[in-house]
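Trainee: Can you read through this structure? Questions will come right after.
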Amino acid sequence: MQIMSALFIEHFDMRQAAGGAARIDLGGVHFSMAAPGPFPVTITPHMLVLVRCPETHTGLAALEVRFMRGDEQVARNVQPLSVEPGKFGYNLVQAELTFDEPTTIEAHCRVDQGDAVVIPLTMSPPADDPEAPEAPAGTGGWTGTPAAQSG
């Protein structure tokens, strides 16, 4: 099995499109956030991990997500994956993460001891903190180009 995407999200909806095709509507995708209050803060972010199962695979695997602050593992989640061969599936992952100061924790996601996909989550000072540095102009939005879609 392969990880196609792993994202921190606020919510998602599954729906069927014409012809029975599945659609996933994601909302609140994020890689950073302002602390909800003074440090230390503890959050339980939601991560959606989308996987693809080749037709030749058994459809059973293990998903491991290690949450790392530098070289320190601060949380770990292991759960079974069950995806019909030739199809896509998803798992939701949640961990309790404590931030003592503004920093980044990385989620290292892998299937069956394979290569890890790394997703950062950066905690900034609280939004109402007068000591918080101001973000440079033009850095708050999407700066990439959407990939072409087919099919």
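Starting from 1 in every chain, residues are counted up; chains themselves are A, B, ... following the order of the structure tokens, and ligands are numbered from 1 as listed.
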Residues near Ala22 (chain A), anyone? I mean within 12 Å using only C-alpha atoms, not counting same-chain ones fewer than 6 positions away, as a PyMOL selection string.
Mentor: chain A and resi 13-16+87-89
Trainee: Would you kindly return, as a ChimeraX atom specification, each protein, DNA or RNA residue with an atom no farther than 12 Å from any atom of Glu72 (chain A), considering only C-alpha atoms and excluding same-chain residues fewer than 4 positions away?
Mentor: /A:66-68,76,104-107
Trainee: Residues at most 8 Å from Met47 (chain A), counting only C-alpha atoms, excluding those fewer than 2 positions away in the same chain, as a list of chain:residue names?
Mentor: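 Close residues of Met47 (chain A): A:Ala6, A:Leu7, A:Phe8, A:Ile9, A:Pro45, A:Val49, A:Leu92, A:Val93, A:Gln94.
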Trainee: If you run DSSP on this backbone, which residues of region 9-149 of chain A come out as strand (DSSP E or B), and could you give them as number ranges by chain?
Mentor: A: 9, 11-16, 22-27, 30, 32-34, 41-43, 46-52, 60-69, 72-82, 88-94, 97-99, 103-111, 117-124
Trainee: Between CA of Thr58 (chain A) and CA of Pro85 (chain A), what is the distance in Å, rounded to a tenth?
Mentor: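 So the two atoms, CA of Thr58 (chain A) and CA of Pro85 (chain A), lie 6.6 Å apart.
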Trainee: For Val83 (chain A), please output as a ChimeraX atom specification all residues within 9 Å (counting only C-alpha atoms; exclusion window: fewer than 5 positions along the same chain).
Mentor: /A:1,51-53,58-61,88-90
Trainee: What is the CA of Gln2 (chain A)-CA of Asn77 (chain A) distance in Å, reported with one decimal?
Mentor: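 For CA of Gln2 (chain A) relative to CA of Asn77 (chain A), the distance reads 17.5 Å.
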Trainee: Got a sec: who's within 10 Å of Gly114 (chain A), counting only C-alpha atoms, leaving out chain neighbours fewer than 4 positions off, as a PyMOL selection string?
Mentor: chain A and resi 1-3+63-64+109-110
Trainee: Could you take the residues named above and write them with all heavy atoms, as a PDB file, in the first residue's frame?
Mentor:
```pdb
ATOM      1  N   MET A   1       0.845  -1.183   0.000  1.00  0.00           N
ATOM      2  CA  MET A   1       0.000   0.000   0.000  1.00  0.00           C
ATOM      3  C   MET A   1       0.885   1.239   0.000  1.00  0.00           C
ATOM      4  O   MET A   1       1.998   1.208   0.506  1.00  0.00           O
ATOM      5  CB  MET A   1      -0.895   0.020   1.225  1.00  0.00           C
ATOM      6  CG  MET A   1      -2.146  -0.795   1.051  1.00  0.00           C
ATOM      7  SD  MET A   1      -3.323  -0.432   2.343  1.00  0.00           S
ATOM      8  CE  MET A   1      -3.750  -2.084   2.782  1.00  0.00           C
ATOM      9  N   GLN A   2       0.329   2.321  -0.542  1.00  0.00           N
ATOM     10  CA  GLN A   2       1.067   3.577  -0.620  1.00  0.00           C
ATOM     11  C   GLN A   2       0.263   4.694   0.027  1.00  0.00           C
ATOM     12  O   GLN A   2      -0.961   4.757  -0.136  1.00  0.00           O
ATOM     13  CB  GLN A   2       1.289   4.000  -2.071  1.00  0.00           C
ATOM     14  CG  GLN A   2       2.109   3.051  -2.893  1.00  0.00           C
ATOM     15  CD  GLN A   2       2.070   3.513  -4.340  1.00  0.00           C
ATOM     16  OE1 GLN A   2       1.031   3.472  -4.971  1.00  0.00           O
ATOM     17  NE2 GLN A   2       3.215   3.936  -4.844  1.00  0.00           N
ATOM     18  N   ILE A   3       0.952   5.604   0.709  1.00  0.00           N
ATOM     19  CA  ILE A   3       0.314   6.811   1.213  1.00  0.00           C
ATOM     20  C   ILE A   3       0.251   7.798   0.061  1.00  0.00           C
ATOM     21  O   ILE A   3       1.263   8.144  -0.538  1.00  0.00           O
ATOM     22  CB  ILE A   3       1.092   7.403   2.401  1.00  0.00           C
ATOM     23  CG1 ILE A   3       1.041   6.432   3.580  1.00  0.00           C
ATOM     24  CG2 ILE A   3       0.532   8.778   2.773  1.00  0.00           C
ATOM     25  CD1 ILE A   3       1.873   6.861   4.771  1.00  0.00           C
ATOM     26  N   LEU A  63      -0.657   0.999   9.613  1.00  0.00           N
ATOM     27  CA  LEU A  63      -0.299   2.405   9.479  1.00  0.00           C
ATOM     28  C   LEU A  63       0.312   2.857  10.797  1.00  0.00           C
ATOM     29  O   LEU A  63      -0.309   2.715  11.854  1.00  0.00           O
ATOM     30  CB  LEU A  63      -1.539   3.255   9.169  1.00  0.00           C
ATOM     31  CG  LEU A  63      -1.340   4.773   9.193  1.00  0.00           C
ATOM     32  CD1 LEU A  63      -0.391   5.222   8.096  1.00  0.00           C
ATOM     33  CD2 LEU A  63      -2.680   5.486   9.072  1.00  0.00           C
ATOM     34  N   GLU A  64       1.530   3.378  10.719  1.00  0.00           N
ATOM     35  CA  GLU A  64       2.209   3.906  11.900  1.00  0.00           C
ATOM     36  C   GLU A  64       2.471   5.391  11.676  1.00  0.00           C
ATOM     37  O   GLU A  64       2.968   5.787  10.625  1.00  0.00           O
ATOM     38  CB  GLU A  64       3.548   3.202  12.139  1.00  0.00           C
ATOM     39  CG  GLU A  64       4.317   3.791  13.307  1.00  0.00           C
ATOM     40  CD  GLU A  64       5.738   3.257  13.436  1.00  0.00           C
ATOM     41  OE1 GLU A  64       6.332   2.882  12.412  1.00  0.00           O
ATOM     42  OE2 GLU A  64       6.248   3.247  14.571  1.00  0.00           O
ATOM     43  N   CYS A 109       4.589   9.394   8.807  1.00  0.00           N
ATOM     44  CA  CYS A 109       3.568   8.396   8.470  1.00  0.00           C
ATOM     45  C   CYS A 109       4.177   7.327   7.572  1.00  0.00           C
ATOM     46  O   CYS A 109       4.819   7.661   6.576  1.00  0.00           O
ATOM     47  CB  CYS A 109       2.406   9.055   7.725  1.00  0.00           C
ATOM     48  SG  CYS A 109       1.746  10.521   8.501  1.00  0.00           S
ATOM     49  N   ARG A 110       3.929   6.062   7.896  1.00  0.00           N
ATOM     50  CA  ARG A 110       4.407   4.992   7.013  1.00  0.00           C
ATOM     51  C   ARG A 110       3.505   3.780   7.111  1.00  0.00           C
ATOM     52  O   ARG A 110       2.798   3.580   8.090  1.00  0.00           O
ATOM     53  CB  ARG A 110       5.852   4.642   7.308  1.00  0.00           C
ATOM     54  CG  ARG A 110       6.096   4.050   8.655  1.00  0.00           C
ATOM     55  CD  ARG A 110       7.570   3.819   8.881  1.00  0.00           C
ATOM     56  NE  ARG A 110       7.785   3.169  10.163  1.00  0.00           N
ATOM     57  CZ  ARG A 110       8.936   2.681  10.538  1.00  0.00           C
ATOM     58  NH1 ARG A 110       9.978   2.754   9.733  1.00  0.00           N
ATOM     59  NH2 ARG A 110       9.056   2.097  11.701  1.00  0.00           N
TER      60      ARG A 110
END
```
Trainee: For Pro126 (chain A), which of A:Arg23, A:Gly70, A:Leu50, A:Ser32 is the closest residue, counting only C-alpha atoms?
Mentor: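 When distances to Pro126 (chain A) are compared using only C-alpha atoms, the smallest one comes from A:Ser32.
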Trainee: Just how far from CA of Pro38 (chain A) is CA of Val118 (chain A), in Å to one decimal?
Mentor: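 Result for CA of Val118 (chain A) versus CA of Pro38 (chain A): 27.2 Å, one decimal.
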Trainee: Just checking: using only C-alpha atoms, which residue out of A:Ile24, A:Leu81, A:Ala116, A:Val29 ends up closest to His46 (chain A)?
Mentor: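 That would be A:Val29, the residue with the smallest distance to His46 (chain A).
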Trainee: Smallest atom-to-atom distance to Glu55 (chain A): which of A:Val117, A:Glu84, A:Asp112, A:Thr103, using only C-alpha atoms?
Mentor: A:Glu84
Trainee: Report as an mmCIF file with N, CA, C and O atoms, in the first residue's frame all protein, DNA and RNA residues lying within 9 Å of Thr42 (chain A), evaluated on only C-alpha atoms, omitting residues in the same chain fewer than 3 positions from it.
Mentor:
```cif
data_model
loop_
_atom_site.group_PDB
_atom_site.id
_atom_site.type_symbol
_atom_site.label_atom_id
_atom_site.label_comp_id
_atom_site.auth_asym_id
_atom_site.auth_seq_id
_atom_site.Cartn_x
_atom_site.Cartn_y
_atom_site.Cartn_z
ATOM 1 N N PHE A 39 1.336 29.403 26.431
ATOM 2 C CA PHE A 39 2.072 28.128 26.519
ATOM 3 C C PHE A 39 2.229 27.735 27.978
ATOM 4 O O PHE A 39 2.339 28.604 28.841
ATOM 5 N N GLU A 96 -2.455 13.357 21.100
ATOM 6 C CA GLU A 96 -2.407 14.486 22.019
ATOM 7 C C GLU A 96 -0.988 15.045 21.984
ATOM 8 O O GLU A 96 -0.033 14.348 22.312
ATOM 9 N N LEU A 97 -0.873 16.303 21.553
ATOM 10 C CA LEU A 97 0.435 16.943 21.390
ATOM 11 C C LEU A 97 0.534 18.158 22.303
ATOM 12 O O LEU A 97 -0.347 19.020 22.295
ATOM 13 N N THR A 98 1.623 18.244 23.064
ATOM 14 C CA THR A 98 1.856 19.386 23.942
ATOM 15 C C THR A 98 2.986 20.225 23.390
ATOM 16 O O THR A 98 4.048 19.710 23.028
ATOM 17 N N PHE A 99 2.729 21.522 23.300
ATOM 18 C CA PHE A 99 3.720 22.499 22.851
ATOM 19 C C PHE A 99 4.059 23.397 24.036
ATOM 20 O O PHE A 99 3.176 24.045 24.596
ATOM 21 N N ASP A 100 5.338 23.430 24.431
ATOM 22 C CA ASP A 100 5.785 24.290 25.531
ATOM 23 C C ASP A 100 6.161 25.683 25.045
ATOM 24 O O ASP A 100 6.301 26.609 25.849
#
```
